[in-house]
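What follows is a short report on a single structure.
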Amino acid sequence: MGVDQYHEPPAELSAETRTFARLSASLTEESEAIGWYAQRLALESDPEARAIMRDAQGEEFKHFCMDLEFLLRKTPVWREIAQGILFQAGNIVEHGEAAEAAAEGGGSHGPAGGTDRSPDGSVSLGIGSLKERLA
Amino acid sequence: MNHLLRSLAPITDATWSVLDREATDHLVPALGARRLVDFSGPHGWQHSATNLGRTTPLTADPAVGVTAAQRKVLPLIELRSAFRVARAELADLERGALEVNLADLDEAARCIASAENTAIFAGFAPAGITGIAQASPHAPIPLGGECEHYPAQVAKAAEVLLRAGIAGPYGIALSPADYTRVVETTEHGGYPIFEHLSRILGGPIVRVPGLGGAVVLSLRGGDFLFESGQDLSVGFERSGDTHVHFYLEESFSFRVTTPEAALVLPAPHTLRVGG
């Protein structure tokens, strides 16, 4: 069983965190595939082969977006930053800095925002389930 | 800024860390019920209700040839327990003092944990929560007399659940007084009651503040569902001249989907289970 997406002992992670890690790994894989198809399309001259690759790359675009949307729904602070950057005209770096500052000002993460340990970004002490720890 | 208003409190990040750690240290051992039920979430502060998957037919039709039904949901409840810390203590904390007086925080943690345990086992009617002990259809088996009798009574409870088709492993929730008795007592021959109960149940023996008596329940999963909106958090309320006021807060719903998966063993002096 592949557990490479975990950097901590899987048995000590909550089910939510394991799901979050799986989708994060999937997001990476889809992004890599998009890049690979971009390279292949840059060199391939056969029209039929290019059409197949474009179609395949479109699938990866879809997969990447679905993974990303799932992760953003589970992580409000990530979503908040993404909303300040994605689909905005203008300077991407400036939007990124502004979105980050706005999110930090909201106190929704970091020491002043709680000791959140869950992937959904909620501000709490992170106690969660205690049943799993005894299992 | 979120509704906890933590960034408005006149304390540093380091002090917040101390308060959070102190709260966690006192909450975790007191949240006994969470060791025995399924936990879902946290789904966030804006999560307001649990989907029950059922509808109530509406008697009035909105239009000719059109019927209507309304979804049934279980609204989450919000629990809050206030505490305060003296400004002088907070100042000492910043100086590096190790023994600061956080007794009010400790008491707030004890209170909100006990309230959560009670809602799970005894229910909380104003919020529409039916507790595990309330829901159980089995005839109670009173915890009788001496602690040495507990293994026989618990074995009988496990047998009742098994006959009802409820698989184990099983766990037992004990009142703090009964838990202490179990830990302290040995049977004739010196075998610890705690070990004997563990072998019978196959699951944990849990001290549950707020509970009276005991409840044996299945831990197979899917029978007792705790849904967390906002998990336990520390928020800032206001600053006073001599104290800073905070609170512990959470939101959750609880429901029993398999009432027969638990059996009540009431304490002999109360013959009831509850807060």
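Chains: A, B, ... in order of the structure tokens. Residues: from 1 per chain. Ligands: from 1, in order shown.
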
Write out, as JSON lines, each residue of chain B that has an atom at most 8 Å from chain A, together with the closest pair of atoms and their distance in Å to one decimal, counting only C-alpha atoms, rows going by chain and rising number.
```
{"residue": "B:Met1", "atom": "CA", "partner": "A:Gly106", "partner_atom": "CA", "distance": 3.4}
{"residue": "B:Asn2", "atom": "CA", "partner": "A:Gly106", "partner_atom": "CA", "distance": 6.3}
{"residue": "B:Arg6", "atom": "CA", "partner": "A:Ala112", "partner_atom": "CA", "distance": 6.3}
{"residue": "B:Ser7", "atom": "CA", "partner": "A:Ala112", "partner_atom": "CA", "distance": 5.9}
{"residue": "B:Thr12", "atom": "CA", "partner": "A:Ala112", "partner_atom": "CA", "distance": 7.8}
{"residue": "B:Asp13", "atom": "CA", "partner": "A:Ala112", "partner_atom": "CA", "distance": 5.3}
{"residue": "B:Ala14", "atom": "CA", "partner": "A:Pro111", "partner_atom": "CA", "distance": 7.8}
{"residue": "B:Trp16", "atom": "CA", "partner": "A:Ala112", "partner_atom": "CA", "distance": 6.7}
{"residue": "B:Ser17", "atom": "CA", "partner": "A:Pro111", "partner_atom": "CA", "distance": 6.8}
{"residue": "B:Asp20", "atom": "CA", "partner": "A:Leu125", "partner_atom": "CA", "distance": 6.5}
{"residue": "B:Thr24", "atom": "CA", "partner": "A:Leu125", "partner_atom": "CA", "distance": 6.6}
{"residue": "B:Val28", "atom": "CA", "partner": "A:Ile127", "partner_atom": "CA", "distance": 7.2}
{"residue": "B:Arg34", "atom": "CA", "partner": "A:Leu130", "partner_atom": "CA", "distance": 5.4}
{"residue": "B:Arg35", "atom": "CA", "partner": "A:Lys131", "partner_atom": "CA", "distance": 4.0}
{"residue": "B:Leu36", "atom": "CA", "partner": "A:Lys131", "partner_atom": "CA", "distance": 5.7}
{"residue": "B:Val37", "atom": "CA", "partner": "A:Lys131", "partner_atom": "CA", "distance": 6.6}
{"residue": "B:Asp38", "atom": "CA", "partner": "A:Lys131", "partner_atom": "CA", "distance": 7.0}
{"residue": "B:Phe39", "atom": "CA", "partner": "A:Ser129", "partner_atom": "CA", "distance": 5.3}
{"residue": "B:Ser40", "atom": "CA", "partner": "A:Ser129", "partner_atom": "CA", "distance": 7.8}
{"residue": "B:Gly41", "atom": "CA", "partner": "A:Gly128", "partner_atom": "CA", "distance": 7.6}
{"residue": "B:Pro42", "atom": "CA", "partner": "A:Ser122", "partner_atom": "CA", "distance": 7.2}
{"residue": "B:His43", "atom": "CA", "partner": "A:Asp120", "partner_atom": "CA", "distance": 7.3}
{"residue": "B:Gly44", "atom": "CA", "partner": "A:Ser122", "partner_atom": "CA", "distance": 5.6}
{"residue": "B:Trp45", "atom": "CA", "partner": "A:Ser122", "partner_atom": "CA", "distance": 7.7}
{"residue": "B:Pro204", "atom": "CA", "partner": "A:Leu134", "partner_atom": "CA", "distance": 7.4}
{"residue": "B:Gln230", "atom": "CA", "partner": "A:Ser122", "partner_atom": "CA", "distance": 6.9}
{"residue": "B:Asp231", "atom": "CA", "partner": "A:Ser124", "partner_atom": "CA", "distance": 5.6}
{"residue": "B:Leu232", "atom": "CA", "partner": "A:Ser124", "partner_atom": "CA", "distance": 5.6}
{"residue": "B:Ser233", "atom": "CA", "partner": "A:Ser124", "partner_atom": "CA", "distance": 4.3}
{"residue": "B:Val234", "atom": "CA", "partner": "A:Ser124", "partner_atom": "CA", "distance": 7.2}
```

Take the residues from that selection and put them in a file with C-alpha atoms, as a PDB file, in the first residue's frame.
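Heads up, here's the output in out18.pdb:
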```
ATOM      1  CA  MET B   1     -10.904  38.387  12.016  1.00  0.00           C
ATOM      2  CA  ASN B   2     -13.182  35.600  13.146  1.00  0.00           C
ATOM      3  CA  ARG B   6      -8.427  36.527  19.529  1.00  0.00           C
ATOM      4  CA  SER B   7      -6.400  39.221  17.817  1.00  0.00           C
ATOM      5  CA  THR B  12       0.930  38.109  23.125  1.00  0.00           C
ATOM      6  CA  ASP B  13       1.057  35.069  20.880  1.00  0.00           C
ATOM      7  CA  ALA B  14       3.188  33.323  23.496  1.00  0.00           C
ATOM      8  CA  TRP B  16      -2.154  32.591  23.766  1.00  0.00           C
ATOM      9  CA  SER B  17      -0.091  29.452  23.366  1.00  0.00           C
ATOM     10  CA  ASP B  20      -4.419  27.041  24.598  1.00  0.00           C
ATOM     11  CA  THR B  24      -6.129  21.347  26.030  1.00  0.00           C
ATOM     12  CA  VAL B  28      -8.559  16.026  26.863  1.00  0.00           C
ATOM     13  CA  ARG B  34     -15.389  11.450  22.894  1.00  0.00           C
ATOM     14  CA  ARG B  35     -13.359   8.303  23.549  1.00  0.00           C
ATOM     15  CA  LEU B  36     -16.457   6.210  22.962  1.00  0.00           C
ATOM     16  CA  VAL B  37     -18.398   7.825  20.106  1.00  0.00           C
ATOM     17  CA  ASP B  38     -17.749   8.591  16.439  1.00  0.00           C
ATOM     18  CA  PHE B  39     -16.530  12.111  15.722  1.00  0.00           C
ATOM     19  CA  SER B  40     -17.229  14.042  12.527  1.00  0.00           C
ATOM     20  CA  GLY B  41     -15.759  17.431  11.710  1.00  0.00           C
ATOM     21  CA  PRO B  42     -14.964  20.066  12.668  1.00  0.00           C
ATOM     22  CA  HIS B  43     -17.209  21.521   9.989  1.00  0.00           C
ATOM     23  CA  GLY B  44     -16.727  25.154  11.003  1.00  0.00           C
ATOM     24  CA  TRP B  45     -18.571  27.800  12.977  1.00  0.00           C
ATOM     25  CA  PRO B 204     -11.533   0.998  26.857  1.00  0.00           C
ATOM     26  CA  GLN B 230     -16.500  24.476  15.762  1.00  0.00           C
ATOM     27  CA  ASP B 231     -14.366  22.266  17.953  1.00  0.00           C
ATOM     28  CA  LEU B 232     -13.401  23.515  21.387  1.00  0.00           C
ATOM     29  CA  SER B 233     -11.724  26.898  21.079  1.00  0.00           C
ATOM     30  CA  VAL B 234     -10.608  29.753  23.297  1.00  0.00           C
TER      31      VAL B 234
END
```

Exercise. Which of stretch 50-110 of chain A counts as alpha helix (DSSP H) under DSSP, as a count of residues only please?
Worked result: 49

Exercise. With only C-alpha atoms as the atoms that count, which of A:Ala33, A:Val77, A:Ala25, A:Leu13 lies nearest to A:Lys62?
Worked result: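 Going through A:Ala33, A:Val77, A:Ala25, A:Leu13 one by one, the smallest distance to A:Lys62 is for A:Ala33.
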
Problem set entry | Pick from A:Asp55, A:Gln5, A:Glu97, A:Ser45 nearest to A:Thr28, counting only C-alpha atoms | A:Gln5

Problem set entry | Closest of B:Arg110, B:Arg54, B:His196, B:His245 to B:Gly210 - atom-to-atom distances counting only C-alpha atoms |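 Looking only at the distances to B:Gly210, the closest residue turns out to be B:Arg110.
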
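Each of B:Phe83, B:Phe236, B:Phe226, B:Tyr179 was checked against B:Val206 using only C-alpha atoms; the smallest atom-to-atom distance is that of B:Tyr179.
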
Exercise. Could you pull the residues within 10 Å of A:Leu86, counting only C-alpha atoms, minus those fewer than 4 positions along the same chain, as a ChimeraX atom specification?
Worked result: /A:79,81-82,92,95-96

Can those selected residues be exported to a file as a PDB file, in the first residue's frame so that it contains C-alpha atoms?
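The result, stored in part.pdb:
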```pdb
ATOM      1  CA  ARG A  79      -9.655  29.577  -0.039  1.00  0.00           C
ATOM      2  CA  ILE A  81      -6.090  33.679  -0.184  1.00  0.00           C
ATOM      3  CA  ALA A  82      -7.031  31.965  -3.451  1.00  0.00           C
ATOM      4  CA  ILE A  92      -0.213  38.376  -9.602  1.00  0.00           C
ATOM      5  CA  HIS A  95      -2.557  40.225  -5.439  1.00  0.00           C
ATOM      6  CA  GLY A  96      -0.801  37.383  -3.619  1.00  0.00           C
TER       7      GLY A  96
END
```

Problem set entry | Length of the atom CA of B:Ala173 to atom CA of B:Val215 vector [Å] | 5.2 Å
